[in-house]
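Structure file protein-v9.cif (mmCIF, C-alpha atoms) is printed below.
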```
data_structure
loop_
_atom_site.label_atom_id
_atom_site.label_comp_id
_atom_site.auth_asym_id
_atom_site.auth_seq_id
_atom_site.Cartn_x
_atom_site.Cartn_y
_atom_site.Cartn_z
CA MET W 201 -64.32 -26.43 23.30
CA LYS W 202 -65.38 -28.00 20.03
CA ASP W 203 -63.62 -25.20 18.15
CA ALA W 204 -60.46 -25.77 20.14
CA VAL W 205 -60.51 -29.51 19.29
CA LEU W 206 -61.09 -28.78 15.62
CA ALA W 207 -58.37 -26.16 15.62
CA SER W 208 -55.83 -28.48 17.22
CA LEU W 209 -56.80 -31.24 14.79
CA ALA W 210 -56.26 -28.83 11.93
CA VAL W 211 -52.86 -27.81 13.33
CA ALA W 212 -51.94 -31.47 13.77
CA GLY W 213 -53.04 -32.19 10.22
CA ILE W 214 -50.95 -29.37 8.78
CA ALA W 215 -47.99 -30.40 10.90
CA THR W 216 -48.27 -33.98 9.64
CA ALA W 217 -48.50 -32.78 6.05
CA ALA W 218 -45.37 -30.72 6.58
CA PHE W 219 -43.51 -33.75 7.87
CA ALA W 220 -44.86 -35.99 5.13
CA PHE W 221 -42.24 -34.61 2.78
CA THR W 222 -38.71 -35.78 3.33
CA PRO W 223 -35.90 -33.37 2.40
CA ALA W 224 -35.28 -35.56 -0.65
CA ASP W 225 -38.94 -35.08 -1.73
CA THR W 226 -38.65 -31.32 -1.32
CA ILE W 227 -35.47 -31.24 -3.37
CA ARG W 228 -37.00 -33.33 -6.14
CA MET W 229 -40.13 -31.19 -6.24
CA ARG W 230 -38.29 -27.90 -6.40
CA GLN W 231 -35.96 -29.22 -9.11
CA SER W 232 -38.93 -30.25 -11.20
CA SER W 233 -40.58 -26.86 -10.63
CA TYR W 234 -37.41 -25.02 -11.65
CA LYS W 235 -37.24 -27.10 -14.83
CA GLN W 236 -40.78 -26.06 -15.66
CA MET W 237 -39.87 -22.44 -15.04
CA GLY W 238 -36.86 -22.81 -17.33
CA SER W 239 -38.97 -24.33 -20.07
CA ASN W 240 -41.47 -21.47 -19.77
CA MET W 241 -38.68 -18.87 -19.79
CA HIS W 242 -37.49 -20.40 -23.03
CA GLY W 243 -41.05 -20.19 -24.31
CA LEU W 244 -41.26 -16.51 -23.38
CA ILE W 245 -38.03 -15.74 -25.22
CA GLU W 246 -39.27 -17.78 -28.18
CA GLN W 247 -42.31 -15.51 -28.42
CA ALA W 248 -40.43 -12.28 -27.66
CA ARG W 249 -37.98 -12.98 -30.48
CA SER W 250 -40.64 -14.09 -32.92
CA GLY W 251 -41.71 -11.70 -35.65
CA SER W 252 -45.33 -12.61 -34.97
CA PRO W 253 -45.58 -13.47 -31.27
CA SER W 254 -48.67 -15.20 -29.93
CA ILE W 255 -49.89 -13.29 -26.91
CA SER W 256 -51.87 -16.31 -25.70
CA GLN W 257 -48.64 -18.34 -25.63
CA VAL W 258 -46.91 -15.50 -23.77
CA ARG W 259 -49.73 -15.52 -21.24
CA ARG W 260 -49.51 -19.29 -20.83
CA HIS W 261 -45.80 -19.01 -19.99
CA SER W 262 -46.07 -15.92 -17.78
CA THR W 263 -48.88 -17.60 -15.81
CA VAL W 264 -46.74 -20.64 -15.01
CA ILE W 265 -43.82 -18.47 -13.94
CA LEU W 266 -46.04 -16.26 -11.80
CA ARG W 267 -47.58 -19.37 -10.21
CA PHE W 268 -44.13 -20.62 -9.13
CA ALA W 269 -42.48 -17.28 -8.31
CA PRO W 270 -44.14 -16.70 -4.91
CA GLN W 271 -43.39 -20.31 -3.88
CA VAL W 272 -39.66 -20.26 -4.46
CA LEU W 273 -38.74 -19.04 -0.98
CA ARG W 274 -40.70 -21.92 0.55
CA TRP W 275 -38.82 -24.55 -1.43
CA PHE W 276 -35.78 -24.32 0.80
CA PRO W 277 -36.64 -25.39 4.35
CA ARG W 278 -33.65 -26.06 6.57
CA GLY W 279 -32.21 -29.51 5.99
CA THR W 280 -32.70 -29.45 2.22
CA GLY W 281 -29.13 -28.47 1.40
CA VAL W 282 -26.30 -30.88 0.62
CA GLU W 283 -26.81 -32.39 4.11
CA ALA W 284 -29.98 -34.06 2.76
CA GLY W 285 -27.76 -36.61 1.06
CA VAL W 286 -29.33 -36.27 -2.39
CA ARG W 287 -27.87 -34.36 -5.27
CA THR W 288 -28.70 -30.66 -4.92
CA ARG W 289 -26.92 -27.55 -6.11
CA ALA W 290 -28.47 -25.42 -3.36
CA LYS W 291 -25.62 -23.52 -1.72
CA ALA W 292 -25.23 -23.08 2.04
CA GLU W 293 -25.59 -19.30 1.45
CA ILE W 294 -29.35 -19.80 1.13
CA TRP W 295 -29.45 -20.46 4.86
CA SER W 296 -26.43 -18.41 5.97
CA ASP W 297 -27.66 -15.30 4.09
CA PRO W 298 -31.45 -15.52 4.45
CA GLN W 299 -31.89 -11.78 3.89
CA GLY W 300 -30.11 -11.82 0.57
CA PHE W 301 -32.01 -14.91 -0.48
CA ARG W 302 -35.36 -13.34 0.43
CA LEU W 303 -34.40 -10.26 -1.56
CA ALA W 304 -33.59 -12.43 -4.57
CA GLY W 305 -36.96 -14.14 -4.18
CA ALA W 306 -38.74 -10.78 -3.98
CA ARG W 307 -36.95 -9.62 -7.11
CA LEU W 308 -38.22 -12.67 -8.96
CA LEU W 309 -41.77 -12.04 -7.80
CA VAL W 310 -41.71 -8.41 -8.93
CA ALA W 311 -40.29 -9.34 -12.34
CA ALA W 312 -42.76 -12.21 -12.79
CA ARG W 313 -45.69 -9.94 -11.90
CA GLN W 314 -44.52 -7.30 -14.35
CA MET W 315 -44.19 -9.88 -17.11
CA ASP W 316 -47.62 -11.35 -16.41
CA ALA W 317 -49.21 -7.89 -16.25
CA ALA W 318 -47.72 -7.03 -19.64
CA ALA W 319 -48.97 -10.36 -21.02
CA ARG W 320 -52.50 -9.77 -19.66
CA ARG W 321 -52.55 -6.34 -21.28
CA GLY W 322 -51.58 -8.05 -24.52
CA ASP W 323 -48.77 -5.56 -25.03
CA VAL W 324 -45.91 -7.26 -26.89
CA ALA W 325 -43.59 -4.27 -26.53
CA GLN W 326 -44.05 -4.36 -22.74
CA VAL W 327 -43.51 -8.13 -22.72
CA ARG W 328 -40.21 -7.63 -24.53
CA ALA W 329 -39.30 -4.81 -22.12
CA ALA W 330 -40.13 -6.94 -19.07
CA LEU W 331 -37.94 -9.84 -20.21
CA PRO W 332 -34.43 -8.63 -19.18
CA ALA W 333 -35.49 -8.03 -15.55
CA LEU W 334 -36.93 -11.53 -15.36
CA GLN W 335 -33.80 -13.06 -16.89
CA ALA W 336 -31.66 -11.07 -14.45
CA ALA W 337 -33.81 -12.15 -11.48
CA CYS W 338 -33.36 -15.83 -12.37
CA GLY W 339 -29.68 -15.56 -13.27
CA GLY W 340 -28.73 -13.29 -10.37
CA CYS W 341 -30.12 -15.69 -7.78
CA HIS W 342 -28.46 -18.69 -9.46
CA GLU W 343 -25.13 -16.92 -9.39
CA SER W 344 -25.25 -16.38 -5.64
CA TYR W 345 -27.23 -19.36 -4.37
CA ARG W 346 -26.74 -22.20 -6.82
CA GLY W 347 -23.59 -24.26 -7.10
CA PRO W 348 -21.96 -25.52 -10.32
CA ALA W 349 -23.52 -28.32 -12.37
CA ASN W 350 -20.90 -30.91 -11.54
CA MET D 71 8.70 -15.76 -49.74
CA ALA D 72 5.01 -15.28 -49.01
CA ILE D 73 3.04 -18.38 -47.95
CA TRP D 74 0.07 -17.18 -45.91
CA ASP D 75 -1.79 -13.88 -46.35
CA TRP D 76 -2.69 -11.89 -43.26
CA PRO D 77 -6.45 -12.72 -43.24
CA THR D 78 -5.67 -16.45 -43.12
CA ARG D 79 -3.17 -15.93 -40.29
CA ALA D 80 -5.50 -13.61 -38.39
CA PHE D 81 -8.31 -16.16 -38.69
CA HIS D 82 -6.06 -18.93 -37.43
CA TRP D 83 -4.79 -17.11 -34.35
CA LEU D 84 -8.12 -15.52 -33.46
CA ILE D 85 -9.75 -18.95 -33.44
CA ALA D 86 -6.84 -20.24 -31.34
CA LEU D 87 -7.55 -17.44 -28.83
CA LEU D 88 -11.32 -17.75 -28.98
CA MET D 89 -11.47 -21.46 -28.25
CA PRO D 90 -10.11 -21.28 -24.70
CA ALA D 91 -12.05 -18.06 -24.10
CA LEU D 92 -15.29 -19.72 -25.20
CA TRP D 93 -14.56 -22.76 -23.07
CA TRP D 94 -13.84 -20.57 -20.05
CA THR D 95 -16.93 -18.37 -20.41
CA ALA D 96 -19.12 -21.48 -20.68
CA GLU D 97 -17.43 -23.05 -17.68
CA GLU D 98 -17.95 -19.87 -15.63
CA HIS D 99 -21.53 -19.45 -16.86
CA GLU D 100 -20.63 -16.05 -18.36
CA LEU D 101 -23.16 -16.69 -21.07
CA GLU D 102 -23.58 -13.14 -22.29
CA LEU D 103 -19.87 -13.01 -23.13
CA HIS D 104 -19.97 -16.59 -24.41
CA LEU D 105 -22.76 -15.70 -26.85
CA LEU D 106 -20.90 -12.59 -28.00
CA LEU D 107 -17.62 -14.45 -28.57
CA GLY D 108 -19.56 -17.26 -30.24
CA GLN D 109 -20.90 -14.79 -32.76
CA VAL D 110 -17.39 -13.49 -33.41
CA ALA D 111 -16.31 -17.11 -34.02
CA LEU D 112 -19.27 -17.59 -36.37
CA GLY D 113 -18.25 -14.52 -38.36
CA LEU D 114 -14.63 -15.69 -38.54
CA VAL D 115 -15.53 -19.19 -39.72
CA LEU D 116 -17.93 -17.85 -42.34
CA PHE D 117 -15.18 -15.51 -43.50
CA ARG D 118 -12.69 -18.39 -43.75
CA ILE D 119 -15.13 -20.38 -45.87
CA PHE D 120 -15.64 -17.42 -48.24
CA TRP D 121 -11.89 -16.80 -48.21
CA GLY D 122 -11.43 -20.43 -49.21
CA LEU D 123 -13.39 -19.66 -52.35
CA ILE D 124 -12.06 -16.23 -53.36
CA GLY D 125 -8.96 -15.63 -51.21
CA SER D 126 -5.23 -15.85 -51.88
CA SER D 127 -3.87 -18.96 -53.60
CA THR D 128 -2.83 -20.87 -50.45
CA ALA D 129 -6.12 -20.08 -48.70
CA ARG D 130 -8.31 -21.57 -51.43
CA PHE D 131 -9.85 -24.99 -50.96
CA ALA D 132 -9.41 -25.71 -54.67
CA SER D 133 -5.66 -25.20 -54.31
CA PHE D 134 -5.05 -27.51 -51.35
CA VAL D 135 -7.85 -30.08 -51.03
CA ARG D 136 -6.56 -33.22 -52.74
CA GLY D 137 -7.83 -36.70 -53.38
CA PRO D 138 -6.68 -39.95 -51.70
CA ARG D 139 -4.09 -40.65 -54.40
CA ALA D 140 -2.27 -37.36 -53.76
CA ILE D 141 -2.44 -37.98 -50.01
CA LEU D 142 -0.92 -41.46 -50.39
CA ALA D 143 1.78 -40.13 -52.70
CA TYR D 144 2.62 -37.46 -50.13
CA LEU D 145 2.74 -40.06 -47.34
CA ARG D 146 5.16 -42.13 -49.43
CA GLY D 147 7.52 -39.17 -49.38
CA GLY D 148 6.30 -37.17 -52.35
CA LYS D 149 6.96 -33.45 -52.38
CA ALA D 150 4.27 -30.89 -51.66
CA GLY D 151 4.24 -27.25 -52.75
CA ILE D 152 3.84 -24.35 -50.31
CA GLY D 153 0.71 -24.06 -48.19
CA HIS D 154 -1.24 -27.01 -46.80
CA ASN D 155 0.17 -30.37 -47.83
CA PRO D 156 -2.35 -33.01 -49.02
CA LEU D 157 -2.55 -34.61 -45.55
CA GLY D 158 -2.75 -31.28 -43.71
CA ALA D 159 -5.62 -30.34 -46.00
CA LEU D 160 -7.67 -33.10 -44.35
CA SER D 161 -6.91 -31.57 -40.98
CA VAL D 162 -8.08 -28.15 -42.20
CA LEU D 163 -11.32 -29.64 -43.50
CA VAL D 164 -12.00 -31.62 -40.32
CA LEU D 165 -11.27 -28.63 -38.07
CA LEU D 166 -13.45 -26.31 -40.14
CA PHE D 167 -16.23 -28.91 -40.31
CA LEU D 168 -16.17 -29.34 -36.53
CA LEU D 169 -16.08 -25.57 -35.99
CA VAL D 170 -19.15 -25.17 -38.18
CA ASN D 171 -20.82 -27.96 -36.20
CA VAL D 172 -20.04 -26.70 -32.75
CA ILE D 173 -21.08 -23.15 -33.67
CA GLY D 174 -24.21 -24.35 -35.47
CA LEU D 175 -25.28 -26.36 -32.43
CA GLY D 176 -24.54 -23.40 -30.18
CA LEU D 177 -26.90 -21.21 -32.20
CA PHE D 178 -29.80 -23.47 -31.23
CA ALA D 179 -28.68 -24.45 -27.74
CA SER D 180 -30.14 -23.11 -24.51
CA ASP D 181 -28.75 -22.88 -21.01
CA GLU D 182 -30.49 -25.03 -18.43
CA ASP D 183 -32.59 -22.10 -17.20
CA GLY D 184 -33.79 -20.98 -20.59
CA ILE D 185 -32.67 -17.43 -19.80
CA GLN D 186 -29.65 -17.07 -22.13
CA PRO D 187 -30.49 -19.12 -25.21
CA GLY D 188 -28.51 -19.10 -28.46
CA PRO D 189 -29.65 -16.65 -31.15
CA LEU D 190 -31.72 -19.29 -33.01
CA SER D 191 -32.86 -21.26 -29.98
CA HIS D 192 -36.33 -19.72 -30.13
CA LEU D 193 -36.98 -21.70 -33.31
CA ILE D 194 -37.05 -24.98 -31.38
CA ASP D 195 -38.53 -26.11 -28.06
CA PHE D 196 -36.69 -26.05 -24.76
CA ASP D 197 -36.07 -29.80 -24.42
CA SER D 198 -34.55 -29.96 -27.90
CA ALA D 199 -32.46 -26.88 -27.15
CA ARG D 200 -31.12 -28.60 -24.02
CA ILE D 201 -30.17 -31.73 -25.98
CA LEU D 202 -28.38 -29.57 -28.56
CA ALA D 203 -26.53 -27.83 -25.72
CA GLU D 204 -25.17 -31.24 -24.70
CA ARG D 205 -24.17 -32.02 -28.29
CA HIS D 206 -22.62 -28.54 -28.51
CA GLU D 207 -20.33 -29.48 -25.64
CA GLN D 208 -19.58 -32.98 -26.93
CA VAL D 209 -18.64 -31.75 -30.39
CA PHE D 210 -16.48 -29.09 -28.76
CA TRP D 211 -14.42 -31.81 -27.06
CA ILE D 212 -14.12 -33.74 -30.34
CA LEU D 213 -12.83 -30.49 -31.84
CA VAL D 214 -10.34 -30.16 -28.98
CA GLY D 215 -9.18 -33.71 -29.76
CA PHE D 216 -8.46 -32.76 -33.37
CA VAL D 217 -6.75 -29.55 -32.28
CA ALA D 218 -4.47 -31.74 -30.13
CA LEU D 219 -3.74 -33.91 -33.18
CA HIS D 220 -3.05 -30.73 -35.18
CA VAL D 221 -0.57 -29.51 -32.56
CA ALA D 222 1.04 -32.96 -32.38
CA ALA D 223 1.51 -32.93 -36.17
CA ILE D 224 3.13 -29.47 -35.99
CA LEU D 225 5.49 -30.77 -33.30
CA PHE D 226 6.30 -33.82 -35.44
CA TYR D 227 7.24 -31.54 -38.35
CA LEU D 228 9.28 -29.32 -36.06
CA LEU D 229 11.19 -32.04 -34.20
CA GLY D 230 11.06 -34.99 -36.59
CA LYS D 231 11.33 -33.25 -39.95
CA ARG D 232 13.09 -30.04 -38.85
CA ASP D 233 10.39 -27.96 -40.54
CA ASN D 234 9.03 -25.05 -38.51
CA LEU D 235 5.42 -24.55 -39.60
CA VAL D 236 4.56 -22.10 -36.82
CA ALA D 237 6.84 -19.24 -37.87
CA PRO D 238 5.28 -18.81 -41.36
CA MET D 239 1.82 -18.82 -39.75
CA ILE D 240 3.00 -15.82 -37.69
CA THR D 241 5.16 -13.89 -40.16
CA GLY D 242 3.41 -15.00 -43.33
CA GLY D 243 6.45 -16.48 -45.06
CA ARG D 244 9.84 -18.12 -44.96
CA GLU D 245 12.88 -18.47 -47.19
CA ALA D 246 12.13 -20.00 -50.56
CA ARG D 247 13.24 -23.53 -51.32
CA ALA D 248 14.19 -24.77 -54.77
CA GLY D 249 11.33 -24.85 -57.24
CA GLU D 250 8.76 -23.18 -54.98
CA VAL D 251 6.22 -20.75 -56.33
CA PRO D 252 5.16 -18.02 -53.84
CA MET D 253 1.59 -17.34 -52.81
CA VAL D 254 -0.54 -15.24 -55.15
CA ALA D 255 -2.16 -12.63 -52.90
CA ALA D 256 -5.83 -11.78 -53.38
CA PRO D 257 -6.58 -8.08 -53.95
CA ALA D 258 -8.17 -6.05 -51.14
CA TRP D 259 -11.58 -5.86 -52.79
CA ARG D 260 -11.93 -9.64 -52.50
CA PHE D 261 -11.24 -9.35 -48.79
CA LEU D 262 -13.95 -6.71 -48.53
CA ILE D 263 -16.43 -9.02 -50.27
CA ALA D 264 -15.61 -12.01 -48.04
CA ALA D 265 -15.59 -9.95 -44.84
CA GLY D 266 -18.74 -8.07 -45.83
CA ALA D 267 -20.63 -11.26 -46.67
CA ALA D 268 -19.50 -12.96 -43.45
CA SER D 269 -20.47 -9.93 -41.32
CA ALA D 270 -23.85 -9.57 -42.99
CA LEU D 271 -24.67 -13.26 -42.54
CA THR D 272 -23.52 -13.20 -38.92
CA TRP D 273 -25.53 -10.08 -38.19
CA TRP D 274 -28.61 -11.61 -39.81
CA ILE D 275 -28.31 -14.77 -37.72
CA GLY D 276 -27.40 -12.79 -34.58
CA THR D 277 -30.49 -10.66 -34.80
CA SER D 278 -32.44 -13.92 -34.71
CA LEU D 279 -33.30 -14.15 -38.42
#
```
Render the structure in this file as structure tokens.
Amino acid sequence: MKDAVLASLAVAGIATAAFAFTPADTIRMRQSSYKQMGSNMHGLIEQARSGSPSISQVRRHSTVILRFAPQVLRWFPRGTGVEAGVRTRAKAEIWSDPQGFRLAGARLLVAARQMDAAARRGDVAQVRAALPALQAACGGCHESYRGPAN
Amino acid sequence: MAIWDWPTRAFHWLIALLMPALWWTAEEHELELHLLLGQVALGLVLFRIFWGLIGSSTARFASFVRGPRAILAYLRGGKAGIGHNPLGALSVLVLLFLLVNVIGLGLFASDEDGIQPGPLSHLIDFDSARILAERHEQVFWILVGFVALHVAAILFYLLGKRDNLVAPMITGGREARAGEVPMVAAPAWRFLIAAGAASALTWWIGTSL
């Protein structure tokens, strides 16, 4: 009985937390997270192109990207498209083509893991080799599921 | 009578083709192509600067860049020789200056995702690269403004002064008028030096220094 009460309280708590974020909050948060990912992508390329790359910097960037990568698919609950009434470039295809979107998310996760694994091994050649797949994962998803800037 | 050598004409028309292509690829987010064409533009502009130092007579800065007195005299109806007139020389300098600027900014700019940055973007941080991307676009539109002025001036010469400036830029020459001295063409080895230096510099920058 006590367990059941605790369990329902926990469920209620989680449900409340889920509703605590308005669609506008979700949109703002994901935009800020994407900006951080972009900044860390730039950092990765900075190191990959450098004649004397710092593997600790590479690791710092790959860690951030790998932290965000598994979350991306959760940043787009229904109702956080243009209908939310705040500025978002999320296209309706995210919700009309959930399979394709999930695939794009999976591709990002695979590429981010590969990059982070190469960074942990401290292998600069592998970091450089892992970069194009990560760039393609980001860019490919944007092409299909993100609208133009203006 | 020869007025423009072929490298000067080729540079002119290639830039005229590249500008809309570069605008379009940026607009469509075709950044791989944009970066490639941008490097071609860089090579061309570097070549034109070298050609302005060692090229044929009408291509050389020293032969056509004039001071304010010559410009005023020309505006008052003075005669100009073949090639750029003293006022047109200003247009050449402004257009080249803006081209250098827009390309230079592009080298350091980054797209908003940080996945297709310019060849020198890794030398600065992401936020700076994003600001330079904005400047890159702004300077591009200033350049477009001066291109419009350039085209308007050509139209003014064509319609107002009955002087077709476009045909010589295509064919390289026109019929001689009294007292005109034709262009002195630069030998091929000078072209090889200018083109070689421009290619080498572009390659060096393109492979990220």
Kindly provide the residues of chain W that approach chain D to within 6 Å, each paired with its closest atom pair and their distance in Å to one decimal, based on all atoms listed in the file, listed by chain and increasing number, as a tab-separated table.
```
residue	atom	partner	partner_atom	distance
W:Gly238	CA	D:Asp183	CA	4.3
W:Ser239	CA	D:Phe196	CA	5.5
W:Met241	CA	D:Gly184	CA	5.4
W:His242	CA	D:Gly184	CA	4.5
W:Glu246	CA	D:His192	CA	4.0
W:Gln335	CA	D:Ile185	CA	5.4
```
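When the distance limit is 7 Å and all atoms listed in the file are what count, the residues near Leu168 (chain D), minus those fewer than 4 positions from it on the same chain, are D:Val164, D:Val172, D:Leu213.
Residue nearest Ser269 (chain D), chosen from D:Leu116, D:Met71, D:Leu107, D:Ala80 and counting all atoms listed in the file: D:Leu116.
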Determine the residue set returned by the PyMOL selection byres ((chain D and resi 264-268) around 12) for the present structure, and present it as a compact mmCIF listing (two decimals) with C-alpha atoms, in the coordinates of the input.
```txt
# COMPACT_ATOMS: atom_id res chain seq x y z
CA PRO D 77 -6.45 -12.72 -43.24
CA THR D 78 -5.67 -16.45 -43.12
CA PHE D 81 -8.31 -16.16 -38.69
CA GLN D 109 -20.90 -14.79 -32.76
CA VAL D 110 -17.39 -13.49 -33.41
CA ALA D 111 -16.31 -17.11 -34.02
CA LEU D 112 -19.27 -17.59 -36.37
CA GLY D 113 -18.25 -14.52 -38.36
CA LEU D 114 -14.63 -15.69 -38.54
CA VAL D 115 -15.53 -19.19 -39.72
CA LEU D 116 -17.93 -17.85 -42.34
CA PHE D 117 -15.18 -15.51 -43.50
CA ARG D 118 -12.69 -18.39 -43.75
CA ILE D 119 -15.13 -20.38 -45.87
CA PHE D 120 -15.64 -17.42 -48.24
CA TRP D 121 -11.89 -16.80 -48.21
CA GLY D 122 -11.43 -20.43 -49.21
CA LEU D 123 -13.39 -19.66 -52.35
CA ILE D 124 -12.06 -16.23 -53.36
CA GLY D 125 -8.96 -15.63 -51.21
CA SER D 126 -5.23 -15.85 -51.88
CA ALA D 256 -5.83 -11.78 -53.38
CA PRO D 257 -6.58 -8.08 -53.95
CA ALA D 258 -8.17 -6.05 -51.14
CA TRP D 259 -11.58 -5.86 -52.79
CA ARG D 260 -11.93 -9.64 -52.50
CA PHE D 261 -11.24 -9.35 -48.79
CA LEU D 262 -13.95 -6.71 -48.53
CA ILE D 263 -16.43 -9.02 -50.27
CA SER D 269 -20.47 -9.93 -41.32
CA ALA D 270 -23.85 -9.57 -42.99
CA LEU D 271 -24.67 -13.26 -42.54
CA THR D 272 -23.52 -13.20 -38.92
CA TRP D 273 -25.53 -10.08 -38.19
CA TRP D 274 -28.61 -11.61 -39.81
CA ILE D 275 -28.31 -14.77 -37.72
CA GLY D 276 -27.40 -12.79 -34.58
```
query = Hey, what comes out of the PyMOL selection byres ((chain W and resi 271) around 12) on this file? Could you write it as a PyMOL selection string?
reply = chain W and resi 229-230+233-234+237+264-270+272-277+302+305-306+308-309
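You will find CA of Gly147 (chain D) at 15.0 Å from CA of Phe226 (chain D).
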key: Hits from the PyMOL selection byres ((chain W and resi 262) around 9), listed as a list in words   = Asn240, Met241, Leu244, Gln257, Val258, Arg259, Arg260, His261, Thr263, Val264, Ile265, Leu266, Arg267, Ala312, Arg313, Met315, Asp316, Ala317 and Ala319 of chain W
query = When you draw a straight line from CA of Leu88 (chain D) to CA of Ala159 (chain D), how long is it in Å?
reply = 21.9 Å
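You will find CA of Phe178 (chain D) at 6.8 Å from CA of Leu202 (chain D).
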Report, as AutoDock Vina command-line options, the axis-aligned box around all atoms of region 304-310 of chain W present in the file, extended by 8 Å on each side; give centre and edge lengths in Å to one decimal place.
```
--center_x -37.7 --center_y -11.3 --center_z -6.5 --size_x 24.2 --size_y 21.7 --size_z 21.0
```
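Shortest atom-to-atom contact with Ala325 (chain W) among W:Gly251, W:Ile227, W:Ser232, W:Thr222: W:Gly251, counting all atoms listed in the file.
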task = Would you kindly return, as a PyMOL selection string, each protein, DNA or RNA residue with an atom no farther than 10 Å from any atom of Phe216 (chain D), considering only C-alpha atoms and excluding same-chain residues fewer than 5 positions away?
result = chain D and resi 161-162+164-165+168+210-211+221-222
note = If you count all atoms listed in the file, the residue of D:Ile224, D:Leu235, D:Ala179, D:Ile73 closest to Ile152 (chain D) turns out to be D:Ile73
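For the choices D:Gly176, D:Gly215, D:Gly153, D:Gly148, the atom-to-atom distance to Ala72 (chain D) is smallest for D:Gly153 when using only C-alpha atoms.
The neighbours of Ala292 (chain W) here are the residues that come within 7 Å of it, using all atoms listed in the file and leaving out any residue fewer than 3 positions away in the same chain; they are Gly281, Trp295 and Ser296 of chain W.
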Could you give me, as an mmCIF file with C-alpha atoms, keeping the file's coordinate frame, the residues within 9 Å of Lys291 (chain W), counting all atoms listed in the file and dropping anything in the same chain fewer than 3 positions from it?
```
data_model
loop_
_atom_site.group_PDB
_atom_site.id
_atom_site.type_symbol
_atom_site.label_atom_id
_atom_site.label_comp_id
_atom_site.auth_asym_id
_atom_site.auth_seq_id
_atom_site.Cartn_x
_atom_site.Cartn_y
_atom_site.Cartn_z
ATOM 1 C CA GLY W 281 -29.130 -28.470 1.400
ATOM 2 C CA VAL W 282 -26.300 -30.880 0.620
ATOM 3 C CA THR W 288 -28.700 -30.660 -4.920
ATOM 4 C CA ILE W 294 -29.350 -19.800 1.130
ATOM 5 C CA TRP W 295 -29.450 -20.460 4.860
ATOM 6 C CA SER W 344 -25.250 -16.380 -5.640
ATOM 7 C CA TYR W 345 -27.230 -19.360 -4.370
ATOM 8 C CA ARG W 346 -26.740 -22.200 -6.820
ATOM 9 C CA GLY W 347 -23.590 -24.260 -7.100
#
```
query = Which residue, W:Val310, W:Ala318, W:Ala304, W:Ala284, has the smallest gap to Cys338 (chain W) when you use all atoms listed in the file?
reply = W:Ala304
message = Counting all atoms listed in the file, which residues have an atom no more than 12 Å from (1.0, -15.8, -35.4) in the file's coordinates? Please list them as a ChimeraX atom specification.
response = /D:74-87,235-243
When you get a chance, write out N, CA and C atoms for region 267-278 of chain W, as a PDB file, in the coordinates of the input.
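Final file, part_17.pdb:
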```pdb
ATOM      1  N   ARG W 267     -47.057 -18.396 -11.171  1.00  0.00           N
ATOM      2  CA  ARG W 267     -47.580 -19.370 -10.210  1.00  0.00           C
ATOM      3  C   ARG W 267     -46.439 -19.865  -9.314  1.00  0.00           C
ATOM      4  N   PHE W 268     -45.260 -20.088  -9.903  1.00  0.00           N
ATOM      5  CA  PHE W 268     -44.130 -20.620  -9.130  1.00  0.00           C
ATOM      6  C   PHE W 268     -43.400 -19.530  -8.333  1.00  0.00           C
ATOM      7  N   ALA W 269     -43.336 -18.316  -8.895  1.00  0.00           N
ATOM      8  CA  ALA W 269     -42.480 -17.280  -8.310  1.00  0.00           C
ATOM      9  C   ALA W 269     -42.704 -17.045  -6.807  1.00  0.00           C
ATOM     10  N   PRO W 270     -43.972 -16.960  -6.346  1.00  0.00           N
ATOM     11  CA  PRO W 270     -44.140 -16.700  -4.910  1.00  0.00           C
ATOM     12  C   PRO W 270     -43.806 -17.916  -4.039  1.00  0.00           C
ATOM     13  N   GLN W 271     -43.654 -19.090  -4.667  1.00  0.00           N
ATOM     14  CA  GLN W 271     -43.390 -20.310  -3.880  1.00  0.00           C
ATOM     15  C   GLN W 271     -41.913 -20.532  -3.625  1.00  0.00           C
ATOM     16  N   VAL W 272     -41.080 -19.924  -4.467  1.00  0.00           N
ATOM     17  CA  VAL W 272     -39.660 -20.260  -4.460  1.00  0.00           C
ATOM     18  C   VAL W 272     -39.036 -20.230  -3.057  1.00  0.00           C
ATOM     19  N   LEU W 273     -39.362 -19.179  -2.299  1.00  0.00           N
ATOM     20  CA  LEU W 273     -38.740 -19.040  -0.980  1.00  0.00           C
ATOM     21  C   LEU W 273     -39.129 -20.174  -0.040  1.00  0.00           C
ATOM     22  N   ARG W 274     -40.253 -20.829  -0.326  1.00  0.00           N
ATOM     23  CA  ARG W 274     -40.700 -21.920   0.550  1.00  0.00           C
ATOM     24  C   ARG W 274     -40.106 -23.266   0.146  1.00  0.00           C
ATOM     25  N   TRP W 275     -39.374 -23.274  -0.964  1.00  0.00           N
ATOM     26  CA  TRP W 275     -38.820 -24.550  -1.430  1.00  0.00           C
ATOM     27  C   TRP W 275     -37.528 -24.935  -0.722  1.00  0.00           C
ATOM     28  N   PHE W 276     -37.085 -24.076   0.200  1.00  0.00           N
ATOM     29  CA  PHE W 276     -35.780 -24.320   0.800  1.00  0.00           C
ATOM     30  C   PHE W 276     -35.836 -24.363   2.323  1.00  0.00           C
ATOM     31  N   PRO W 277     -36.665 -25.259   2.892  1.00  0.00           N
ATOM     32  CA  PRO W 277     -36.640 -25.390   4.350  1.00  0.00           C
ATOM     33  C   PRO W 277     -35.264 -25.891   4.795  1.00  0.00           C
ATOM     34  N   ARG W 278     -34.934 -25.586   6.034  1.00  0.00           N
ATOM     35  CA  ARG W 278     -33.650 -26.060   6.570  1.00  0.00           C
ATOM     36  C   ARG W 278     -33.562 -27.575   6.419  1.00  0.00           C
TER      37      ARG W 278
END
```
